[in-house]
file run-v5.cif (mmCIF, C-alpha atoms)
data_entry
#
loop_
_atom_site.label_atom_id
_atom_site.label_comp_id
_atom_site.auth_asym_id
_atom_site.auth_seq_id
_atom_site.Cartn_x
_atom_site.Cartn_y
_atom_site.Cartn_z
CA MET P 268 5.69 -12.01 -25.96
CA SER P 269 3.16 -10.50 -23.58
CA ASP P 270 0.82 -7.78 -24.81
CA PHE P 271 1.74 -6.03 -21.61
CA GLN P 272 5.50 -6.42 -21.91
CA HIS P 273 6.12 -2.67 -21.74
CA VAL P 274 4.04 -2.48 -18.56
CA LEU P 275 5.89 -5.40 -17.01
CA SER P 276 9.19 -3.76 -17.99
CA ALA P 277 8.24 -0.69 -15.95
CA ILE P 278 7.83 -2.80 -12.80
CA SER P 279 10.77 -3.63 -10.52
CA PHE P 280 9.95 -7.10 -9.27
CA ASN P 281 11.88 -8.07 -6.14
CA ALA P 282 14.29 -10.99 -5.76
CA ASP P 283 11.29 -13.32 -5.39
CA GLY P 284 9.77 -11.97 -8.60
CA LEU P 285 7.04 -10.10 -6.72
CA VAL P 286 5.75 -6.55 -6.45
CA ALA P 287 3.58 -5.09 -3.69
CA ALA P 288 0.03 -4.21 -4.75
CA ILE P 289 -2.32 -1.93 -2.83
CA ALA P 290 -6.04 -2.25 -3.55
CA GLN P 291 -8.09 0.91 -3.18
CA GLN P 292 -11.84 1.26 -3.71
CA HIS P 293 -11.94 3.61 -6.68
CA ASP P 294 -14.85 5.82 -5.63
CA THR P 295 -14.55 6.03 -1.85
CA GLY P 296 -10.74 6.00 -1.65
CA GLU P 297 -10.78 3.32 1.03
CA VAL P 298 -7.58 1.27 1.16
CA LEU P 299 -8.82 -2.31 1.21
CA MET P 300 -5.73 -4.51 1.39
CA MET P 301 -2.14 -5.04 0.34
CA ALA P 302 -0.91 -8.21 -1.32
CA TRP P 303 1.68 -9.33 -3.86
CA MET P 304 1.76 -9.98 -7.59
CA ASN P 305 4.17 -11.73 -9.89
CA ALA P 306 4.42 -10.89 -13.60
CA GLU P 307 1.80 -13.47 -14.52
CA ALA P 308 -0.64 -12.02 -11.98
CA VAL P 309 -0.12 -8.49 -13.30
CA GLU P 310 -0.70 -9.66 -16.85
CA GLU P 311 -3.82 -11.65 -15.99
CA THR P 312 -5.21 -8.70 -13.98
CA LEU P 313 -4.75 -6.34 -16.92
CA ARG P 314 -6.15 -8.82 -19.42
CA GLU P 315 -9.18 -9.94 -17.39
CA LYS P 316 -9.83 -6.59 -15.66
CA ARG P 317 -10.21 -8.62 -12.50
CA VAL P 318 -7.56 -8.64 -9.79
CA CYS P 319 -5.30 -11.66 -9.49
CA TYR P 320 -2.55 -11.75 -6.85
CA PHE P 321 0.21 -14.22 -6.12
CA SER P 322 -0.24 -16.05 -2.83
CA ARG P 323 3.12 -16.32 -1.11
CA SER P 324 1.81 -18.90 1.37
CA ARG P 325 0.28 -21.12 -1.32
CA GLY P 326 2.95 -20.35 -3.92
CA LYS P 327 0.47 -19.86 -6.74
CA LEU P 328 -1.85 -17.37 -8.43
CA TRP P 329 -4.65 -16.16 -6.20
CA ARG P 330 -7.66 -15.00 -8.18
CA LYS P 331 -9.22 -12.71 -5.61
CA GLY P 332 -12.73 -13.92 -4.88
CA GLU P 333 -12.41 -17.26 -6.66
CA THR P 334 -13.58 -19.13 -3.55
CA SER P 335 -15.40 -16.31 -1.71
CA GLY P 336 -17.09 -14.48 -4.59
CA GLN P 337 -15.62 -11.22 -3.23
CA VAL P 338 -13.98 -10.23 -6.50
CA GLN P 339 -12.15 -7.01 -7.31
CA ALA P 340 -12.94 -5.54 -10.71
CA LEU P 341 -9.96 -3.55 -11.95
CA ILE P 342 -10.72 0.07 -12.73
CA GLU P 343 -7.11 1.18 -13.21
CA LEU P 344 -3.62 -0.06 -12.43
CA ARG P 345 -1.01 2.52 -11.45
CA ILE P 346 2.75 2.14 -10.91
CA ASP P 347 4.82 4.19 -8.50
CA CYS P 348 7.84 6.33 -9.33
CA ASP P 349 10.42 3.60 -8.76
CA GLY P 350 8.26 0.76 -10.05
CA ASP P 351 8.27 -1.31 -6.88
CA ALA P 352 4.66 -0.78 -5.82
CA LEU P 353 1.34 -0.92 -7.65
CA LEU P 354 -1.88 0.87 -6.83
CA LEU P 355 -4.95 -1.03 -7.97
CA ARG P 356 -8.03 1.14 -8.28
CA VAL P 357 -10.78 -1.44 -7.93
CA ASP P 358 -14.48 -1.97 -7.48
CA GLN P 359 -14.71 -4.44 -4.60
CA THR P 360 -17.67 -6.80 -4.48
CA GLY P 361 -18.58 -7.35 -0.83
CA VAL P 362 -15.64 -7.39 1.52
CA ALA P 363 -11.89 -7.51 0.89
CA CYS P 364 -10.80 -9.12 4.16
CA HIS P 365 -10.97 -12.83 4.94
CA THR P 366 -12.34 -11.86 8.38
CA GLY P 367 -15.48 -10.53 6.71
CA ARG P 368 -14.51 -6.88 7.13
CA ARG P 369 -14.56 -4.46 4.25
CA SER P 370 -10.86 -3.56 4.66
CA CYS P 371 -7.96 -5.52 6.12
CA PHE P 372 -6.80 -2.36 7.93
CA TYR P 373 -9.31 -2.55 10.78
CA THR P 374 -6.87 -2.28 13.68
CA ALA P 375 -5.78 1.24 14.63
CA VAL P 376 -3.36 2.52 17.23
CA ARG P 377 -5.24 5.04 19.35
CA ASP P 378 -3.80 6.49 22.54
CA GLY P 379 -1.08 3.88 22.23
CA GLN P 380 -3.58 1.01 22.25
CA LEU P 381 -4.68 -1.39 19.50
CA VAL P 382 -8.34 -0.72 18.71
CA GLU P 383 -10.62 -2.54 16.28
CA ILE P 384 -12.33 0.15 14.23
CA ALA P 385 -14.51 -2.05 12.00
CA THR P 386 -16.69 -5.08 12.53
CA PRO P 387 -17.32 -7.94 10.09
CA GLN P 388 -20.05 -7.31 7.54
CA VAL P 389 -20.17 -10.99 6.67
CA HIS P 390 -19.46 -14.01 8.86
CA PRO P 391 -16.14 -15.41 7.64
CA ASP P 392 -17.57 -18.95 7.62
CA THR P 393 -20.04 -17.91 4.95
CA LEU P 394 -17.34 -16.42 2.74
CA TYR P 395 -15.75 -19.66 1.66
CA THR P 396 -18.70 -21.93 1.01
CA GLN P 397 -19.29 -20.98 -2.62
CA THR P 398 -18.56 -23.60 -5.24
CA MET Y 83 11.21 -1.81 26.83
CA SER Y 84 9.37 0.23 24.24
CA ASP Y 85 6.19 2.05 25.18
CA PHE Y 86 4.84 0.63 21.96
CA GLN Y 87 5.93 -2.96 22.53
CA HIS Y 88 2.39 -4.31 22.21
CA VAL Y 89 2.00 -2.48 18.89
CA LEU Y 90 5.33 -3.80 17.62
CA SER Y 91 4.29 -7.30 18.72
CA ALA Y 92 1.24 -7.09 16.45
CA ILE Y 93 3.44 -6.44 13.42
CA SER Y 94 4.95 -9.26 11.38
CA PHE Y 95 8.27 -7.84 10.26
CA ASN Y 96 9.79 -9.72 7.33
CA ALA Y 97 13.15 -11.52 7.27
CA ASP Y 98 14.87 -8.15 6.82
CA GLY Y 99 13.06 -6.75 9.85
CA LEU Y 100 10.82 -4.54 7.70
CA VAL Y 101 7.11 -4.00 7.15
CA ALA Y 102 5.43 -2.30 4.18
CA ALA Y 103 3.82 1.05 4.96
CA ILE Y 104 1.26 2.80 2.77
CA ALA Y 105 0.81 6.54 3.28
CA GLN Y 106 -2.66 7.92 2.60
CA GLN Y 107 -3.74 11.55 2.87
CA HIS Y 108 -6.27 11.33 5.69
CA ASP Y 109 -8.93 13.69 4.34
CA THR Y 110 -8.84 13.16 0.58
CA GLY Y 111 -8.07 9.42 0.63
CA GLU Y 112 -5.26 9.86 -1.90
CA VAL Y 113 -2.64 7.12 -1.72
CA LEU Y 114 0.63 9.03 -1.65
CA MET Y 115 3.40 6.43 -1.51
CA MET Y 116 4.53 3.07 -0.21
CA ALA Y 117 7.77 2.57 1.68
CA TRP Y 118 9.21 0.39 4.45
CA MET Y 119 9.63 0.65 8.21
CA ASN Y 120 11.65 -1.25 10.75
CA ALA Y 121 10.63 -1.46 14.42
CA GLU Y 122 12.60 1.66 15.30
CA ALA Y 123 10.86 3.63 12.53
CA VAL Y 124 7.42 2.50 13.71
CA GLU Y 125 8.24 3.48 17.26
CA GLU Y 126 9.63 6.88 16.31
CA THR Y 127 6.61 7.55 14.07
CA LEU Y 128 4.19 6.80 16.90
CA ARG Y 129 6.20 8.79 19.42
CA GLU Y 130 6.84 11.86 17.27
CA LYS Y 131 3.55 11.75 15.32
CA ARG Y 132 5.67 12.35 12.26
CA VAL Y 133 6.37 9.62 9.73
CA CYS Y 134 9.78 7.97 9.73
CA TYR Y 135 10.57 5.17 7.28
CA PHE Y 136 13.58 2.92 6.87
CA SER Y 137 15.49 3.54 3.66
CA ARG Y 138 16.50 0.22 2.19
CA SER Y 139 18.94 1.87 -0.23
CA ARG Y 140 20.65 3.95 2.46
CA GLY Y 141 20.24 1.32 5.19
CA LYS Y 142 19.10 3.82 7.80
CA LEU Y 143 16.11 5.68 9.21
CA TRP Y 144 14.52 8.06 6.75
CA ARG Y 145 12.68 10.89 8.44
CA LYS Y 146 10.31 11.82 5.65
CA GLY Y 147 10.84 15.47 4.79
CA GLU Y 148 14.06 15.90 6.75
CA THR Y 149 15.86 17.24 3.69
CA SER Y 150 12.89 18.36 1.58
CA GLY Y 151 10.58 19.81 4.23
CA GLN Y 152 7.76 17.67 2.80
CA VAL Y 153 6.90 16.02 6.12
CA GLN Y 154 4.04 13.66 6.87
CA ALA Y 155 2.23 14.33 10.13
CA LEU Y 156 0.78 11.09 11.45
CA ILE Y 157 -2.97 11.15 11.99
CA GLU Y 158 -3.38 7.43 12.65
CA LEU Y 159 -1.44 4.21 12.14
CA ARG Y 160 -3.39 1.09 11.20
CA ILE Y 161 -2.27 -2.54 10.94
CA ASP Y 162 -3.72 -5.09 8.55
CA CYS Y 163 -5.28 -8.43 9.46
CA ASP Y 164 -2.08 -10.44 9.22
CA GLY Y 165 0.20 -7.72 10.51
CA ASP Y 166 2.43 -7.47 7.46
CA ALA Y 167 1.28 -4.10 6.15
CA LEU Y 168 0.66 -0.72 7.75
CA LEU Y 169 -1.65 2.04 6.63
CA LEU Y 170 -0.47 5.48 7.67
CA ARG Y 171 -3.21 8.08 7.66
CA VAL Y 172 -1.18 11.26 7.27
CA ASP Y 173 -1.34 14.95 6.60
CA GLN Y 174 1.21 15.52 3.87
CA THR Y 175 2.96 18.87 3.68
CA GLY Y 176 3.54 19.68 0.02
CA VAL Y 177 4.30 16.68 -2.14
CA ALA Y 178 5.11 13.06 -1.26
CA CYS Y 179 7.10 12.14 -4.36
CA HIS Y 180 10.75 12.99 -4.96
CA THR Y 181 9.76 13.96 -8.52
CA GLY Y 182 7.74 16.87 -7.13
CA ARG Y 183 4.40 15.18 -7.68
CA ARG Y 184 1.83 14.92 -4.94
CA SER Y 185 1.69 11.09 -5.15
CA CYS Y 186 4.26 8.55 -6.32
CA PHE Y 187 1.52 6.69 -8.21
CA TYR Y 188 1.39 9.03 -11.20
CA THR Y 189 1.78 6.45 -13.95
CA ALA Y 190 -1.38 4.64 -15.02
CA VAL Y 191 -2.00 1.89 -17.52
CA ARG Y 192 -4.69 3.12 -19.90
CA ASP Y 193 -5.64 1.23 -23.06
CA GLY Y 194 -2.57 -0.88 -22.42
CA GLN Y 195 -0.24 2.13 -22.46
CA LEU Y 196 1.71 3.84 -19.68
CA VAL Y 197 0.29 7.32 -19.16
CA GLU Y 198 1.47 10.05 -16.79
CA ILE Y 199 -1.62 11.29 -14.98
CA ALA Y 200 -0.02 13.97 -12.79
CA THR Y 201 2.57 16.67 -13.29
CA PRO Y 202 5.08 17.98 -10.77
CA GLN Y 203 3.76 20.68 -8.43
CA VAL Y 204 7.29 21.55 -7.38
CA HIS Y 205 10.53 21.33 -9.33
CA PRO Y 206 12.46 18.43 -7.84
CA ASP Y 207 15.64 20.52 -7.73
CA THR Y 208 13.97 22.88 -5.29
CA LEU Y 209 12.89 20.05 -2.99
CA TYR Y 210 16.30 19.20 -1.64
CA THR Y 211 17.90 22.57 -1.09
CA GLN Y 212 16.59 23.19 2.41
CA THR Y 213 19.07 23.19 5.23
#
call {"tool": "encode", "arguments": {"input": "run-v5.cif", "output": "structure tokens"}}
result
Amino acid sequence: MSDFQHVLSAISFNADGLVAAIAQQHDTGEVLMMAWMNAEAVEETLREKRVCYFSRSRGKLWRKGETSGQVQALIELRIDCDGDALLLRVDQTGVACHTGRRSCFYTAVRDGQLVEIATPQVHPDTLYTQT
Amino acid sequence: MSDFQHVLSAISFNADGLVAAIAQQHDTGEVLMMAWMNAEAVEETLREKRVCYFSRSRGKLWRKGETSGQVQALIELRIDCDGDALLLRVDQTGVACHTGRRSCFYTAVRDGQLVEIATPQVHPDTLYTQT
């Protein structure tokens, strides 16, 4: 039985066995990204204090930063009132977004138009060359 | 055709026609809640500058605060890099959570235990008595 069974029991995983997880930089409050976790990912994240998601496209655990080095250290995991969303308070190394931007939420609607409000801090090609 | 058709086109609604929406208090950075929107909810939110979700349990539009008075004024809507999550920068009147707490994310995992880190600011019974 998992050490975190009581935590997992408080989470309402959806029909696919997943729960939405929002990553927020713990000190600045910046919302970095939203992704998904299965029970195994939640457990690994709590155990390793390093965020692990579940990649829906690849159908497997996605250890954030395992290929890019842009890891998320877990500061605190929080669960919402109905258990179907998690808030991950993290310390993000580098950038969260695969485009090289700090946050994935870099497109805003302003005056009815889509506007890019952040530029890449890192060239995306350089993000995925680490061994 | 919607005035916001180009915005809606940038959103990847899921098989149920929904997209995840994270509400964040615009000035403090506090993550208040996560809920879902359909295209109609996104459009109404942009038009009215007041957040409208789609209630999956009730199967209809959910104008946040319509029964409780705890409305969310929209400051800015942002879309993530793959279009399957929205970040709503809002100005929350009162509390976001139906339990009377400011944020729905009031349960944290600390030392492996579930800990309530916020108390209700309003008694939930008083939230839903407005006409």
call {"tool": "resolve_selection", "arguments": {"input": "run-v5.cif", "expression": "the PyMOL selection byres ((chain Y and resi 155) around 7)", "output": "PyMOL selection string"}}
result
chain Y and resi 131-133+153-154+156-157+172-174
call {"tool": "atom_distance", "arguments": {"input": "run-v5.cif", "atom1": "atom CA of Cys163 of chain Y", "atom2": "atom CA of Val389 of chain P"}}
result
15.4 Å
call {"tool": "resolve_selection", "arguments": {"input": "run-v5.cif", "expression": "the PyMOL selection byres ((chain P) within 6 of (chain Y))", "output": "list in words"}}
result
Gly296, Leu344, Arg345, Ile346, Asp347, Cys348, Cys371, Phe372, Thr374, Ala375 and Val376 of chain P
call {"tool": "write_last_selection", "arguments": {"input": "run-v5.cif", "atoms": "C-alpha atoms", "output": "PDB file, in the frame of the given file"}}
result
ATOM      1  CA  GLY P 296     -10.740   6.000  -1.650  1.00  0.00           C
ATOM      2  CA  LEU P 344      -3.620  -0.060 -12.430  1.00  0.00           C
ATOM      3  CA  ARG P 345      -1.010   2.520 -11.450  1.00  0.00           C
ATOM      4  CA  ILE P 346       2.750   2.140 -10.910  1.00  0.00           C
ATOM      5  CA  ASP P 347       4.820   4.190  -8.500  1.00  0.00           C
ATOM      6  CA  CYS P 348       7.840   6.330  -9.330  1.00  0.00           C
ATOM      7  CA  CYS P 371      -7.960  -5.520   6.120  1.00  0.00           C
ATOM      8  CA  PHE P 372      -6.800  -2.360   7.930  1.00  0.00           C
ATOM      9  CA  THR P 374      -6.870  -2.280  13.680  1.00  0.00           C
ATOM     10  CA  ALA P 375      -5.780   1.240  14.630  1.00  0.00           C
ATOM     11  CA  VAL P 376      -3.360   2.520  17.230  1.00  0.00           C
TER      12      VAL P 376
END
call {"tool": "calpha_fit_and_write", "arguments": {"input": "run-v5.cif", "fixed": "chain P", "moving": "chain Y", "output": "PDB file with C-alpha atoms, keeping the file's coordinate frame"}}
result
ATOM      1  CA  MET Y  83       5.679 -12.038 -25.915  1.00  0.00           C
ATOM      2  CA  SER Y  84       3.158 -10.501 -23.562  1.00  0.00           C
ATOM      3  CA  ASP Y  85       0.822  -7.796 -24.801  1.00  0.00           C
ATOM      4  CA  PHE Y  86       1.742  -6.025 -21.604  1.00  0.00           C
ATOM      5  CA  GLN Y  87       5.505  -6.415 -21.910  1.00  0.00           C
ATOM      6  CA  HIS Y  88       6.120  -2.666 -21.748  1.00  0.00           C
ATOM      7  CA  VAL Y  89       4.038  -2.469 -18.562  1.00  0.00           C
ATOM      8  CA  LEU Y  90       5.893  -5.402 -17.012  1.00  0.00           C
ATOM      9  CA  SER Y  91       9.189  -3.752 -17.989  1.00  0.00           C
ATOM     10  CA  ALA Y  92       8.246  -0.688 -15.935  1.00  0.00           C
ATOM     11  CA  ILE Y  93       7.839  -2.809 -12.808  1.00  0.00           C
ATOM     12  CA  SER Y  94      10.760  -3.624 -10.527  1.00  0.00           C
ATOM     13  CA  PHE Y  95       9.939  -7.094  -9.273  1.00  0.00           C
ATOM     14  CA  ASN Y  96      11.884  -8.057  -6.155  1.00  0.00           C
ATOM     15  CA  ALA Y  97      14.293 -10.989  -5.782  1.00  0.00           C
ATOM     16  CA  ASP Y  98      11.297 -13.313  -5.402  1.00  0.00           C
ATOM     17  CA  GLY Y  99       9.773 -11.977  -8.613  1.00  0.00           C
ATOM     18  CA  LEU Y 100       7.036 -10.106  -6.732  1.00  0.00           C
ATOM     19  CA  VAL Y 101       5.754  -6.551  -6.453  1.00  0.00           C
ATOM     20  CA  ALA Y 102       3.572  -5.084  -3.692  1.00  0.00           C
ATOM     21  CA  ALA Y 103       0.032  -4.209  -4.751  1.00  0.00           C
ATOM     22  CA  ILE Y 104      -2.319  -1.932  -2.828  1.00  0.00           C
ATOM     23  CA  ALA Y 105      -6.034  -2.255  -3.564  1.00  0.00           C
ATOM     24  CA  GLN Y 106      -8.101   0.906  -3.184  1.00  0.00           C
ATOM     25  CA  GLN Y 107     -11.846   1.234  -3.716  1.00  0.00           C
ATOM     26  CA  HIS Y 108     -11.937   3.604  -6.677  1.00  0.00           C
ATOM     27  CA  ASP Y 109     -14.850   5.815  -5.629  1.00  0.00           C
ATOM     28  CA  THR Y 110     -14.557   6.030  -1.849  1.00  0.00           C
ATOM     29  CA  GLY Y 111     -10.744   6.011  -1.650  1.00  0.00           C
ATOM     30  CA  GLU Y 112     -10.794   3.307   1.029  1.00  0.00           C
ATOM     31  CA  VAL Y 113      -7.593   1.272   1.165  1.00  0.00           C
ATOM     32  CA  LEU Y 114      -8.826  -2.309   1.205  1.00  0.00           C
ATOM     33  CA  MET Y 115      -5.735  -4.516   1.382  1.00  0.00           C
ATOM     34  CA  MET Y 116      -2.143  -5.029   0.339  1.00  0.00           C
ATOM     35  CA  ALA Y 117      -0.904  -8.202  -1.309  1.00  0.00           C
ATOM     36  CA  TRP Y 118       1.688  -9.329  -3.860  1.00  0.00           C
ATOM     37  CA  MET Y 119       1.758  -9.990  -7.594  1.00  0.00           C
ATOM     38  CA  ASN Y 120       4.174 -11.728  -9.893  1.00  0.00           C
ATOM     39  CA  ALA Y 121       4.420 -10.882 -13.605  1.00  0.00           C
ATOM     40  CA  GLU Y 122       1.804 -13.472 -14.521  1.00  0.00           C
ATOM     41  CA  ALA Y 123      -0.641 -12.010 -11.978  1.00  0.00           C
ATOM     42  CA  VAL Y 124      -0.124  -8.482 -13.315  1.00  0.00           C
ATOM     43  CA  GLU Y 125      -0.694  -9.666 -16.852  1.00  0.00           C
ATOM     44  CA  GLU Y 126      -3.815 -11.646 -15.997  1.00  0.00           C
ATOM     45  CA  THR Y 127      -5.201  -8.703 -13.995  1.00  0.00           C
ATOM     46  CA  LEU Y 128      -4.752  -6.336 -16.932  1.00  0.00           C
ATOM     47  CA  ARG Y 129      -6.147  -8.829 -19.419  1.00  0.00           C
ATOM     48  CA  GLU Y 130      -9.168  -9.947 -17.398  1.00  0.00           C
ATOM     49  CA  LYS Y 131      -9.824  -6.601 -15.662  1.00  0.00           C
ATOM     50  CA  ARG Y 132     -10.199  -8.633 -12.508  1.00  0.00           C
ATOM     51  CA  VAL Y 133      -7.555  -8.647  -9.796  1.00  0.00           C
ATOM     52  CA  CYS Y 134      -5.280 -11.660  -9.488  1.00  0.00           C
ATOM     53  CA  TYR Y 135      -2.545 -11.752  -6.847  1.00  0.00           C
ATOM     54  CA  PHE Y 136       0.214 -14.233  -6.124  1.00  0.00           C
ATOM     55  CA  SER Y 137      -0.232 -16.056  -2.835  1.00  0.00           C
ATOM     56  CA  ARG Y 138       3.119 -16.312  -1.128  1.00  0.00           C
ATOM     57  CA  SER Y 139       1.819 -18.898   1.353  1.00  0.00           C
ATOM     58  CA  ARG Y 140       0.288 -21.124  -1.328  1.00  0.00           C
ATOM     59  CA  GLY Y 141       2.960 -20.349  -3.935  1.00  0.00           C
ATOM     60  CA  LYS Y 142       0.461 -19.864  -6.742  1.00  0.00           C
ATOM     61  CA  LEU Y 143      -1.847 -17.378  -8.439  1.00  0.00           C
ATOM     62  CA  TRP Y 144      -4.644 -16.160  -6.217  1.00  0.00           C
ATOM     63  CA  ARG Y 145      -7.661 -15.006  -8.171  1.00  0.00           C
ATOM     64  CA  LYS Y 146      -9.211 -12.721  -5.593  1.00  0.00           C
ATOM     65  CA  GLY Y 147     -12.737 -13.914  -4.896  1.00  0.00           C
ATOM     66  CA  GLU Y 148     -12.408 -17.255  -6.664  1.00  0.00           C
ATOM     67  CA  THR Y 149     -13.570 -19.119  -3.570  1.00  0.00           C
ATOM     68  CA  SER Y 150     -15.378 -16.320  -1.719  1.00  0.00           C
ATOM     69  CA  GLY Y 151     -17.072 -14.485  -4.586  1.00  0.00           C
ATOM     70  CA  GLN Y 152     -15.616 -11.227  -3.229  1.00  0.00           C
ATOM     71  CA  VAL Y 153     -13.952 -10.235  -6.505  1.00  0.00           C
ATOM     72  CA  GLN Y 154     -12.146  -7.010  -7.311  1.00  0.00           C
ATOM     73  CA  ALA Y 155     -12.941  -5.543 -10.713  1.00  0.00           C
ATOM     74  CA  LEU Y 156      -9.964  -3.555 -11.949  1.00  0.00           C
ATOM     75  CA  ILE Y 157     -10.714   0.076 -12.733  1.00  0.00           C
ATOM     76  CA  GLU Y 158      -7.109   1.175 -13.219  1.00  0.00           C
ATOM     77  CA  LEU Y 159      -3.614  -0.062 -12.414  1.00  0.00           C
ATOM     78  CA  ARG Y 160      -0.998   2.511 -11.437  1.00  0.00           C
ATOM     79  CA  ILE Y 161       2.755   2.144 -10.913  1.00  0.00           C
ATOM     80  CA  ASP Y 162       4.816   4.192  -8.489  1.00  0.00           C
ATOM     81  CA  CYS Y 163       7.843   6.329  -9.319  1.00  0.00           C
ATOM     82  CA  ASP Y 164      10.414   3.605  -8.766  1.00  0.00           C
ATOM     83  CA  GLY Y 165       8.276   0.769 -10.049  1.00  0.00           C
ATOM     84  CA  ASP Y 166       8.266  -1.302  -6.879  1.00  0.00           C
ATOM     85  CA  ALA Y 167       4.659  -0.771  -5.827  1.00  0.00           C
ATOM     86  CA  LEU Y 168       1.334  -0.915  -7.642  1.00  0.00           C
ATOM     87  CA  LEU Y 169      -1.888   0.862  -6.822  1.00  0.00           C
ATOM     88  CA  LEU Y 170      -4.959  -1.026  -7.965  1.00  0.00           C
ATOM     89  CA  ARG Y 171      -8.036   1.145  -8.270  1.00  0.00           C
ATOM     90  CA  VAL Y 172     -10.781  -1.448  -7.919  1.00  0.00           C
ATOM     91  CA  ASP Y 173     -14.468  -1.983  -7.458  1.00  0.00           C
ATOM     92  CA  GLN Y 174     -14.709  -4.448  -4.604  1.00  0.00           C
ATOM     93  CA  THR Y 175     -17.662  -6.811  -4.480  1.00  0.00           C
ATOM     94  CA  GLY Y 176     -18.580  -7.344  -0.838  1.00  0.00           C
ATOM     95  CA  VAL Y 177     -15.636  -7.383   1.523  1.00  0.00           C
ATOM     96  CA  ALA Y 178     -11.879  -7.509   0.891  1.00  0.00           C
ATOM     97  CA  CYS Y 179     -10.794  -9.112   4.158  1.00  0.00           C
ATOM     98  CA  HIS Y 180     -10.959 -12.821   4.946  1.00  0.00           C
ATOM     99  CA  THR Y 181     -12.330 -11.855   8.378  1.00  0.00           C
ATOM    100  CA  GLY Y 182     -15.480 -10.524   6.708  1.00  0.00           C
ATOM    101  CA  ARG Y 183     -14.508  -6.892   7.130  1.00  0.00           C
ATOM    102  CA  ARG Y 184     -14.573  -4.470   4.247  1.00  0.00           C
ATOM    103  CA  SER Y 185     -10.864  -3.567   4.651  1.00  0.00           C
ATOM    104  CA  CYS Y 186      -7.956  -5.521   6.118  1.00  0.00           C
ATOM    105  CA  PHE Y 187      -6.788  -2.372   7.924  1.00  0.00           C
ATOM    106  CA  TYR Y 188      -9.298  -2.547  10.770  1.00  0.00           C
ATOM    107  CA  THR Y 189      -6.875  -2.275  13.673  1.00  0.00           C
ATOM    108  CA  ALA Y 190      -5.784   1.231  14.632  1.00  0.00           C
ATOM    109  CA  VAL Y 191      -3.374   2.512  17.229  1.00  0.00           C
ATOM    110  CA  ARG Y 192      -5.253   5.029  19.362  1.00  0.00           C
ATOM    111  CA  ASP Y 193      -3.791   6.499  22.550  1.00  0.00           C
ATOM    112  CA  GLY Y 194      -1.090   3.876  22.223  1.00  0.00           C
ATOM    113  CA  GLN Y 195      -3.588   1.004  22.253  1.00  0.00           C
ATOM    114  CA  LEU Y 196      -4.705  -1.389  19.517  1.00  0.00           C
ATOM    115  CA  VAL Y 197      -8.352  -0.712  18.722  1.00  0.00           C
ATOM    116  CA  GLU Y 198     -10.643  -2.531  16.292  1.00  0.00           C
ATOM    117  CA  ILE Y 199     -12.338   0.154  14.223  1.00  0.00           C
ATOM    118  CA  ALA Y 200     -14.510  -2.056  12.001  1.00  0.00           C
ATOM    119  CA  THR Y 201     -16.684  -5.097  12.523  1.00  0.00           C
ATOM    120  CA  PRO Y 202     -17.317  -7.946  10.104  1.00  0.00           C
ATOM    121  CA  GLN Y 203     -20.064  -7.310   7.543  1.00  0.00           C
ATOM    122  CA  VAL Y 204     -20.165 -10.992   6.679  1.00  0.00           C
ATOM    123  CA  HIS Y 205     -19.449 -14.018   8.843  1.00  0.00           C
ATOM    124  CA  PRO Y 206     -16.140 -15.415   7.637  1.00  0.00           C
ATOM    125  CA  ASP Y 207     -17.563 -18.945   7.621  1.00  0.00           C
ATOM    126  CA  THR Y 208     -20.039 -17.905   4.957  1.00  0.00           C
ATOM    127  CA  LEU Y 209     -17.328 -16.411   2.745  1.00  0.00           C
ATOM    128  CA  TYR Y 210     -15.749 -19.654   1.666  1.00  0.00           C
ATOM    129  CA  THR Y 211     -18.702 -21.913   1.042  1.00  0.00           C
ATOM    130  CA  GLN Y 212     -19.336 -20.938  -2.564  1.00  0.00           C
ATOM    131  CA  THR Y 213     -18.673 -23.515  -5.214  1.00  0.00           C
TER     132      THR Y 213
END
call {"tool": "atom_distance", "arguments": {"input": "run-v5.cif", "atom1": "atom CA of Arg356 of chain P", "atom2": "atom CA of Met119 of chain Y"}}
result
24.2 Å
call {"tool": "atom_distance", "arguments": {"input": "run-v5.cif", "atom1": "atom CA of Phe280 of chain P", "atom2": "atom CA of Arg325 of chain P"}}
result
18.8 Å
call {"tool": "residues_around", "arguments": {"input": "run-v5.cif", "residues": "Gly367 of chain P", "least_positions_apart": "2", "cutoff": "8 Å", "atoms": "all atoms listed in the file", "output": "number ranges by chain"}}
result
P: 362-365, 369, 387-391, 394
call {"tool": "residues_around", "arguments": {"input": "run-v5.cif", "residues": "Gly326 of chain P", "least_positions_apart": "4", "cutoff": "12 Å", "atoms": "all atoms listed in the file", "output": "VMD selection string"}}
result
chain P and resid 283 to 285 303 to 305 320 to 322
call {"tool": "write_last_selection", "arguments": {"input": "run-v5.cif", "atoms": "C-alpha atoms", "output": "compact mmCIF listing (two decimals), in the frame of the given file"}}
result
# COMPACT_ATOMS: atom_id res chain seq x y z
CA ASP P 283 11.29 -13.32 -5.39
CA GLY P 284 9.77 -11.97 -8.60
CA LEU P 285 7.04 -10.10 -6.72
CA TRP P 303 1.68 -9.33 -3.86
CA MET P 304 1.76 -9.98 -7.59
CA ASN P 305 4.17 -11.73 -9.89
CA TYR P 320 -2.55 -11.75 -6.85
CA PHE P 321 0.21 -14.22 -6.12
CA SER P 322 -0.24 -16.05 -2.83
